[in-house]
Structure formats: C-alpha cells, structure tokens
>>> print(open('target_17.cif').read())   # mmCIF, C-alpha atoms
data_model
loop_
_atom_site.label_atom_id
_atom_site.label_comp_id
_atom_site.auth_asym_id
_atom_site.auth_seq_id
_atom_site.Cartn_x
_atom_site.Cartn_y
_atom_site.Cartn_z
CA MET A 2 0.41 -36.51 -26.31
CA ILE A 3 -1.84 -33.92 -24.65
CA GLY A 4 -1.74 -31.09 -22.18
CA ASN A 5 -4.29 -28.55 -21.06
CA ASP A 6 -4.58 -25.47 -18.93
CA ILE A 7 -7.52 -23.51 -17.64
CA VAL A 8 -7.51 -19.97 -16.26
CA ASP A 9 -10.34 -18.66 -14.11
CA LEU A 10 -10.19 -15.00 -15.11
CA ALA A 11 -11.78 -13.72 -11.90
CA LEU A 12 -9.23 -15.61 -9.79
CA ALA A 13 -6.33 -14.60 -12.05
CA ARG A 14 -7.36 -10.97 -11.52
CA LYS A 15 -7.18 -11.55 -7.78
CA GLU A 16 -3.98 -13.64 -7.70
CA SER A 17 -1.82 -11.87 -10.22
CA ASN A 18 -0.97 -8.31 -11.10
CA TRP A 19 0.32 -8.75 -14.64
CA LYS A 20 1.06 -5.02 -14.78
CA ARG A 21 3.64 -5.43 -12.05
CA ASN A 22 7.07 -4.18 -13.07
CA GLY A 23 9.09 -7.07 -14.55
CA PHE A 24 6.20 -9.54 -14.65
CA LEU A 25 5.75 -9.61 -18.44
CA ASP A 26 9.52 -9.62 -19.07
CA LYS A 27 9.98 -12.78 -17.02
CA ILE A 28 7.23 -14.70 -18.81
CA PHE A 29 6.84 -13.43 -22.35
CA THR A 30 9.15 -13.06 -25.35
CA THR A 31 9.47 -9.65 -27.02
CA LYS A 32 7.11 -10.81 -29.76
CA GLU A 33 4.51 -11.95 -27.24
CA GLN A 34 4.78 -8.68 -25.32
CA LEU A 35 4.02 -6.88 -28.56
CA LEU A 36 0.89 -9.02 -29.02
CA ILE A 37 -0.15 -8.04 -25.50
CA SER A 38 0.45 -4.32 -25.89
CA ASN A 39 -1.36 -4.26 -29.25
CA ALA A 40 -4.30 -6.34 -28.06
CA GLU A 41 -7.75 -4.84 -27.67
CA ASN A 42 -7.92 -6.56 -24.29
CA PRO A 43 -4.35 -7.00 -23.01
CA GLU A 44 -5.48 -8.90 -19.91
CA VAL A 45 -7.19 -11.59 -21.97
CA MET A 46 -4.11 -11.81 -24.21
CA VAL A 47 -1.86 -12.29 -21.16
CA TRP A 48 -3.87 -15.29 -19.95
CA ASN A 49 -4.49 -16.61 -23.45
CA LEU A 50 -0.73 -16.83 -24.11
CA TRP A 51 -0.04 -18.04 -20.58
CA SER A 52 -2.51 -20.92 -20.88
CA ARG A 53 -0.89 -21.94 -24.20
CA LYS A 54 2.53 -22.03 -22.56
CA GLU A 55 1.24 -24.04 -19.60
CA ALA A 56 -0.60 -26.56 -21.78
CA ALA A 57 2.48 -27.00 -24.00
CA TYR A 58 4.79 -27.27 -20.98
CA LYS A 59 2.70 -30.17 -19.66
CA ILE A 60 3.50 -32.12 -22.83
CA TYR A 61 7.16 -31.05 -22.79
CA ASN A 62 7.44 -32.20 -19.17
CA ARG A 63 5.83 -35.56 -20.03
CA GLN A 64 8.05 -36.11 -23.06
CA THR A 65 11.36 -35.12 -21.54
CA GLY A 66 10.88 -35.68 -17.82
CA ILE A 67 12.46 -32.23 -17.38
CA ARG A 68 11.05 -29.95 -14.72
CA ALA A 69 12.04 -26.35 -15.18
CA TYR A 70 10.50 -22.92 -15.00
CA ILE A 71 10.94 -21.84 -18.62
CA PRO A 72 8.04 -19.58 -19.66
CA THR A 73 10.10 -17.51 -22.15
CA GLN A 74 11.46 -20.67 -23.80
CA LEU A 75 7.91 -21.76 -24.62
CA ALA A 76 7.40 -19.38 -27.53
CA CYS A 77 3.89 -18.83 -28.82
CA VAL A 78 3.22 -18.70 -32.54
CA TYR A 79 -0.06 -16.82 -32.60
CA ASP A 80 -2.36 -17.57 -35.53
CA ASN A 81 -5.49 -16.09 -34.01
CA GLU A 82 -7.18 -15.90 -30.62
CA ASN A 83 -8.27 -19.54 -30.81
CA SER A 84 -5.37 -21.25 -32.48
CA GLY A 85 -1.61 -21.39 -32.83
CA SER A 86 1.40 -23.36 -31.71
CA VAL A 87 4.12 -23.25 -29.08
CA GLN A 88 7.79 -23.89 -29.87
CA CYS A 89 10.11 -25.27 -27.22
CA HIS A 90 13.65 -26.54 -27.84
CA GLY A 91 12.86 -27.79 -31.34
CA ASN A 92 9.46 -29.25 -30.42
CA THR A 93 6.18 -27.91 -31.79
CA TYR A 94 2.96 -28.17 -29.81
CA TYR A 95 -0.32 -27.21 -31.49
CA THR A 96 -2.85 -25.32 -29.41
CA LYS A 97 -6.56 -24.59 -29.46
CA THR A 98 -7.90 -22.00 -27.07
CA GLU A 99 -11.44 -21.34 -25.98
CA ILE A 100 -12.25 -17.96 -24.50
CA THR A 101 -15.36 -17.00 -22.56
CA LYS A 102 -16.04 -14.08 -20.22
CA GLU A 103 -15.21 -16.28 -17.26
CA LYS A 104 -12.36 -18.47 -18.41
CA ILE A 105 -9.66 -19.30 -20.91
CA HIS A 106 -8.95 -22.93 -21.74
CA THR A 107 -6.14 -24.21 -23.96
CA VAL A 108 -5.58 -27.76 -25.20
CA ALA A 109 -2.17 -28.63 -26.63
CA VAL A 110 -1.28 -31.66 -28.77
CA THR A 111 1.80 -32.94 -30.58
CA GLN A 112 0.01 -33.72 -33.88
CA GLN A 113 -2.73 -31.57 -35.42
CA ARG A 114 -4.86 -34.66 -36.10
CA ASP A 115 -4.92 -35.45 -32.37
CA PHE A 116 -7.44 -32.63 -31.88
CA SER A 117 -10.15 -34.87 -33.35
CA GLU A 118 -9.43 -37.62 -30.83
CA ILE A 119 -9.75 -35.64 -27.67
CA LYS A 120 -12.02 -36.60 -24.80
CA MET A 121 -12.96 -33.88 -22.37
CA GLU A 122 -15.31 -35.51 -19.87
CA LYS A 123 -14.39 -36.42 -16.35
CA PRO A 124 -13.15 -40.02 -16.60
CA LEU A 125 -15.03 -42.69 -14.67
CA ALA A 126 -11.89 -44.78 -14.44
CA LYS A 127 -9.36 -44.24 -11.73
CA ILE A 128 -6.64 -41.64 -12.18
CA HIS A 129 -3.20 -42.34 -10.78
CA LYS A 130 0.01 -40.36 -10.81
CA LYS A 131 3.53 -41.39 -11.72
CA ASN A 132 6.17 -38.83 -10.76
CA GLY A 133 3.37 -36.32 -10.41
CA ILE A 134 2.09 -36.98 -13.95
CA PRO A 135 -1.51 -38.28 -14.19
CA PHE A 136 -2.67 -41.37 -16.10
CA VAL A 137 -6.08 -43.00 -16.43
CA ASN A 138 -6.96 -46.68 -16.82
CA TYR A 139 -9.84 -47.23 -19.23
CA ALA A 140 -11.44 -50.66 -19.23
CA ARG A 141 -9.11 -53.32 -20.67
CA ASP A 142 -7.01 -50.60 -22.26
CA ALA A 143 -3.51 -49.86 -21.20
CA GLU A 144 -3.12 -46.70 -19.18
CA LYS A 145 -3.46 -43.46 -21.07
CA PRO A 146 -2.07 -40.05 -20.31
CA ILE A 147 -4.62 -37.56 -19.04
CA SER A 148 -4.13 -33.89 -18.38
CA ILE A 149 -6.02 -32.25 -15.54
CA SER A 150 -6.19 -28.54 -14.99
CA HIS A 151 -7.87 -26.85 -12.06
CA HIS A 152 -8.08 -23.15 -11.38
CA GLY A 153 -10.65 -21.43 -9.19
CA ARG A 154 -14.18 -22.40 -10.21
CA PHE A 155 -13.10 -24.54 -13.15
CA ILE A 156 -11.63 -27.96 -13.78
CA ALA A 157 -10.89 -29.62 -17.11
CA TRP A 158 -9.85 -33.14 -18.08
CA VAL A 159 -8.30 -33.89 -21.43
CA ALA A 160 -7.38 -37.37 -22.63
CA MET A 161 -6.88 -39.01 -26.01
CA ASP A 162 -9.64 -41.34 -27.14
CA MET B 23 23.74 -13.73 5.53
CA ASN B 24 23.73 -17.34 6.80
CA ARG B 25 21.50 -20.18 5.59
CA GLU B 26 18.98 -19.79 8.41
CA GLU B 27 18.55 -16.12 7.72
CA THR B 28 18.15 -16.75 4.00
CA ILE B 29 15.56 -19.50 4.51
CA GLU B 30 13.59 -17.30 6.95
CA LYS B 31 13.59 -14.44 4.46
CA LEU B 32 12.54 -16.84 1.70
CA LYS B 33 9.70 -18.17 3.86
CA GLY B 34 8.43 -14.64 4.33
CA ILE B 35 8.52 -14.12 0.56
CA VAL B 36 6.61 -17.27 -0.44
CA LYS B 37 4.02 -17.07 2.37
CA PRO B 38 1.45 -14.90 0.55
CA TYR B 39 1.36 -17.32 -2.41
CA ILE B 40 1.22 -20.74 -0.73
CA GLN B 41 -1.91 -22.89 -0.88
CA ASN B 42 -0.78 -25.67 1.42
CA GLN B 43 -0.24 -24.42 4.96
CA GLU B 44 0.94 -27.79 6.29
CA ALA B 45 3.71 -28.04 3.71
CA PHE B 46 4.66 -24.45 4.52
CA ASP B 47 4.81 -25.15 8.27
CA ASN B 48 7.09 -28.11 7.57
CA LEU B 49 9.19 -26.33 4.95
CA THR B 50 12.66 -27.77 4.36
CA GLU B 51 15.22 -27.34 1.59
CA SER B 52 13.61 -30.15 -0.38
CA THR B 53 10.19 -28.43 -0.40
CA ASP B 54 8.90 -27.93 -3.94
CA PHE B 55 7.21 -24.59 -4.66
CA ILE B 56 4.54 -26.00 -6.95
CA LYS B 57 4.09 -29.65 -5.90
CA ASP B 58 4.33 -29.09 -2.14
CA LEU B 59 3.44 -25.47 -1.42
CA GLN B 60 1.00 -25.49 -4.35
CA ILE B 61 2.03 -22.06 -5.47
CA ASN B 62 0.23 -21.19 -8.69
CA SER B 63 2.78 -21.29 -11.52
CA ALA B 64 1.91 -17.71 -12.55
CA ASN B 65 2.66 -16.62 -8.98
CA LEU B 66 6.10 -18.18 -9.18
CA VAL B 67 7.03 -15.09 -11.18
CA ASP B 68 5.95 -12.96 -8.22
CA VAL B 69 8.12 -15.08 -5.92
CA ILE B 70 11.08 -14.49 -8.25
CA LEU B 71 10.39 -10.75 -8.51
CA ASP B 72 10.02 -10.53 -4.71
CA ILE B 73 13.35 -12.38 -4.24
CA GLU B 74 15.01 -9.90 -6.61
CA GLU B 75 13.65 -6.96 -4.63
CA GLU B 76 14.24 -8.39 -1.17
CA PHE B 77 17.83 -9.53 -1.80
CA ASP B 78 18.62 -6.80 -4.36
CA ILE B 79 19.79 -9.31 -6.98
CA VAL B 80 18.88 -10.03 -10.61
CA ILE B 81 17.67 -13.51 -11.48
CA ASP B 82 18.43 -14.18 -15.13
CA ASN B 83 16.47 -16.66 -17.26
CA GLU B 84 19.05 -19.38 -16.77
CA SER B 85 18.72 -19.20 -12.98
CA MET B 86 14.96 -18.84 -13.19
CA GLU B 87 14.75 -22.24 -14.90
CA GLN B 88 15.86 -23.97 -11.73
CA MET B 89 13.56 -22.06 -9.38
CA VAL B 90 11.28 -24.97 -8.59
CA ASP B 91 12.22 -25.75 -5.01
CA VAL B 92 13.65 -24.18 -1.85
CA LYS B 93 17.07 -25.76 -2.33
CA SER B 94 17.60 -24.32 -5.83
CA ALA B 95 16.28 -20.92 -4.75
CA MET B 96 18.74 -20.89 -1.82
CA GLU B 97 21.61 -21.82 -4.13
CA ILE B 98 20.73 -19.14 -6.66
CA ILE B 99 20.36 -16.48 -3.96
CA GLY B 100 23.70 -17.55 -2.44
CA THR B 101 25.51 -17.41 -5.79
CA LYS B 102 24.05 -14.03 -6.75
CA LEU B 103 24.80 -12.52 -3.32
CA SER B 104 28.40 -13.71 -3.43
CA LYS B 105 28.87 -11.93 -6.78
CA LYS B 106 27.64 -8.61 -5.44
#
>>> encode(input="target_17.cif", output="structure tokens")
Amino acid sequence: MIGNDIVDLALARKESNWKRNGFLDKIFTTKEQLLISNAENPEVMVWNLWSRKEAAYKIYNRQTGIRAYIPTQLACVYDNENSGSVQCHGNTYYTKTEITKEKIHTVAVTQQRDFSEIKMEKPLAKIHKKNGIPFVNYARDAEKPISISHHGRFIAWVAMD
Amino acid sequence: MNREETIEKLKGIVKPYIQNQEAFDNLTESTDFIKDLQINSANLVDVILDIEEEFDIVIDNESMEQMVDVKSAMEIIGTKLSKK
C-alpha cells in the first residue's frame, strides 16, 4: 500500500503560520516538537514531519476506511531528514522524504521492500475514485491503488508497479 | 446560541480557508471541510484554533478527531458550550 504528500514551501509559507499559538501542539507530539525546536531550519522540519504524517494517513485511511483528523496519533519516528517511519494505532508506515528548496515530498509504504516497486510518473490510464480514494486501471491488470498529491505548483503520483 | 447562529459563526470562521466557493455558498450540515470546501488539511488546525478562540472553548484531541465536517463541528461546539 502507498501514500504520498507534497508540500509547496512557498505556498505553505503563505497559507499557514506554524508559529501561531497552539498550532504545533495540535499537530505534533512532544517528541516531534523537540525535533522542530532543535532543527537548524524549524520551518523545513515542520513540513517534513507534516508530509510524513499526511502520506502515512493516506495509507491508514485506505486500510481502515476511517476518516479522522488525527495528526498527533500519527507519530513520526525520525531516522534522518530523508527517512523514518510513522506509527499509528499499532501500524507502521515507512517513509522516504525528498527535500528541495521549493518542495518537500514524502512517500509512505507498508513494507520497506515496496520502495523499490514505486512508479512516480503520471499514469496514462484512467484514474477513478471509490469513496474519494483514487485507483488506476493499467492495461489488462486489475485496478491498482494510486496516491495523488497536489499542492501549489506541484503534483505527484505514486503507484506500485 | 441557536443552531443558525452557530452555523453563521462557523461559516465566518472557515471562509478564509475554503478553496471551493460554490460548496461554501451551498454549505449545509453535511458539508465536508476537506472533500467539499477543499480546505487544506494543515489549515484545518487553523479552523480548530479559530473555533476555540471565537467560542472560547477548548477542543481536545478526542473531539478534534471528528472535526471533518460541519455537522461534527456543530456537535462539538454545542457540547463544549453546554459544559461551560
């Protein structure tokens, strides 16, 4: 299973004031807030952790069918700026994060080995949604889950090969 | 505060964050913050913080979980106000 999330840093700067009183408390665990306050660039850490939570939530939502706003229950285990995992109600989702000056992009999977089977191009086949969750039909194959993330100038598609 | 007043106040709170004007103009209790109004999920925190300030209530994590549509938000606001 896959999930992904992209953050356009310029747009995030415009849309969100992460320094707002209460903002970090509502989204991040104590441990994550410590990572943010100790980070060389706290802003990048905020969106790095956020994109991990969002990518992991997309899998959690697919697996359980549960829709809930649970950012603090998606707890990041931070290995380094590009890799880690997210724990949620006994589930582990592995994450890989790519950071550039303009954007932060996280891909989450349920098995580490799935990282090698990821396809990131825009699919030629038609995408359809079931209960708001997107799937793609590759030729002759059964439908496969696809995760689409769009923020500001950027869009990313992630499917399993 | 009656339901109409609460929903009007709530509309004023979500307005700056919506990305679908049509869904906002036709807002009902079944309107979903993310799917219908297309509020960015990071901005949902701002909606929650604004609700706390506007209604002078505290929304704990358990209540926050359900904050995905107008109906749940109205229920949570109602419950918290009645406990004040």
>>> atom_distance(input="target_17.cif", atom1="CA of Asp162 (chain A)", atom2="CA of Ala69 (chain A)")
28.9 Å
>>> closest_atom_pairs(input="target_17.cif", of="chain A", to="chain B", cutoff="7 Å", atoms="all atoms listed in the file", output="CSV")
residue,atom,partner,partner_atom,distance
A:Ser17,CA,B:Asn65,CA,6.6
A:Phe24,CA,B:Val67,CA,6.6
A:Lys27,CA,B:Val67,CA,6.9
A:Ala69,CA,B:Glu87,CA,4.9
A:Tyr70,CA,B:Glu87,CA,4.3
A:Ile71,CA,B:Glu87,CA,5.3
>>> closest_residue(input="target_17.cif", among="A:Tyr94, A:Pro135, A:Met121, A:His152", to="Cys77 (chain A)", atoms="all atoms listed in the file")
A:Tyr94
>>> closest_residue(input="target_17.cif", among="B:Asp54, B:Asn42, B:Met96, B:Asp91", to="Glu30 (chain B)", atoms="all atoms listed in the file")
B:Met96
>>> atom_distance(input="target_17.cif", atom1="CA of Val137 (chain A)", atom2="CA of His151 (chain A)")
16.8 Å
>>> closest_residue(input="target_17.cif", among="A:Ile3, A:Val159, A:Ile67, A:Ile37", to="Asn49 (chain A)", atoms="only C-alpha atoms")
A:Ile37
>>> atom_distance(input="target_17.cif", atom1="CA of Phe55 (chain B)", atom2="CA of Ser86 (chain A)")
27.7 Å
>>> resolve_selection(input="target_17.cif", expression="the PyMOL selection byres ((chain B and resi 98-101) around 9)", output="PDB file with C-alpha atoms, keeping the file's coordinate frame")
ATOM      1  CA  MET B  23      23.740 -13.730   5.530  1.00  0.00           C
ATOM      2  CA  ARG B  25      21.500 -20.180   5.590  1.00  0.00           C
ATOM      3  CA  THR B  28      18.150 -16.750   4.000  1.00  0.00           C
ATOM      4  CA  ILE B  73      13.350 -12.380  -4.240  1.00  0.00           C
ATOM      5  CA  GLU B  74      15.010  -9.900  -6.610  1.00  0.00           C
ATOM      6  CA  PHE B  77      17.830  -9.530  -1.800  1.00  0.00           C
ATOM      7  CA  ILE B  79      19.790  -9.310  -6.980  1.00  0.00           C
ATOM      8  CA  ILE B  81      17.670 -13.510 -11.480  1.00  0.00           C
ATOM      9  CA  SER B  85      18.720 -19.200 -12.980  1.00  0.00           C
ATOM     10  CA  MET B  86      14.960 -18.840 -13.190  1.00  0.00           C
ATOM     11  CA  GLN B  88      15.860 -23.970 -11.730  1.00  0.00           C
ATOM     12  CA  MET B  89      13.560 -22.060  -9.380  1.00  0.00           C
ATOM     13  CA  LYS B  93      17.070 -25.760  -2.330  1.00  0.00           C
ATOM     14  CA  SER B  94      17.600 -24.320  -5.830  1.00  0.00           C
ATOM     15  CA  ALA B  95      16.280 -20.920  -4.750  1.00  0.00           C
ATOM     16  CA  MET B  96      18.740 -20.890  -1.820  1.00  0.00           C
ATOM     17  CA  GLU B  97      21.610 -21.820  -4.130  1.00  0.00           C
ATOM     18  CA  LYS B 102      24.050 -14.030  -6.750  1.00  0.00           C
ATOM     19  CA  LEU B 103      24.800 -12.520  -3.320  1.00  0.00           C
ATOM     20  CA  SER B 104      28.400 -13.710  -3.430  1.00  0.00           C
ATOM     21  CA  LYS B 105      28.870 -11.930  -6.780  1.00  0.00           C
TER      22      LYS B 105
END
>>> closest_residue(input="target_17.cif", among="B:Glu75, B:Val69, B:Ser52, B:Asn24", to="Ile40 (chain B)", atoms="all atoms listed in the file")
B:Val69
>>> resolve_selection(input="target_17.cif", expression="the PyMOL selection byres ((chain A and resi 106-113) around 7)", output="list in words")
Met2, Ile3, Gly4, Asn5, Asp6, Ile7, Val8, Ser52, Arg53, Ala56, Ala57, Thr93, Tyr94, Tyr95, Thr96, Lys97, Thr98, Glu99, Ile100, Lys104, Ile105, Arg114, Asp115 and Phe116 of chain A
>>> axis_aligned_box(input="target_17.cif", around="region 80-94 of chain B", padding_each_side="3 Å", output="JSON")
{"center_x": 15.2, "center_y": -17.9, "center_z": -9.6, "size_x": 13.8, "size_y": 21.7, "size_z": 21.4}
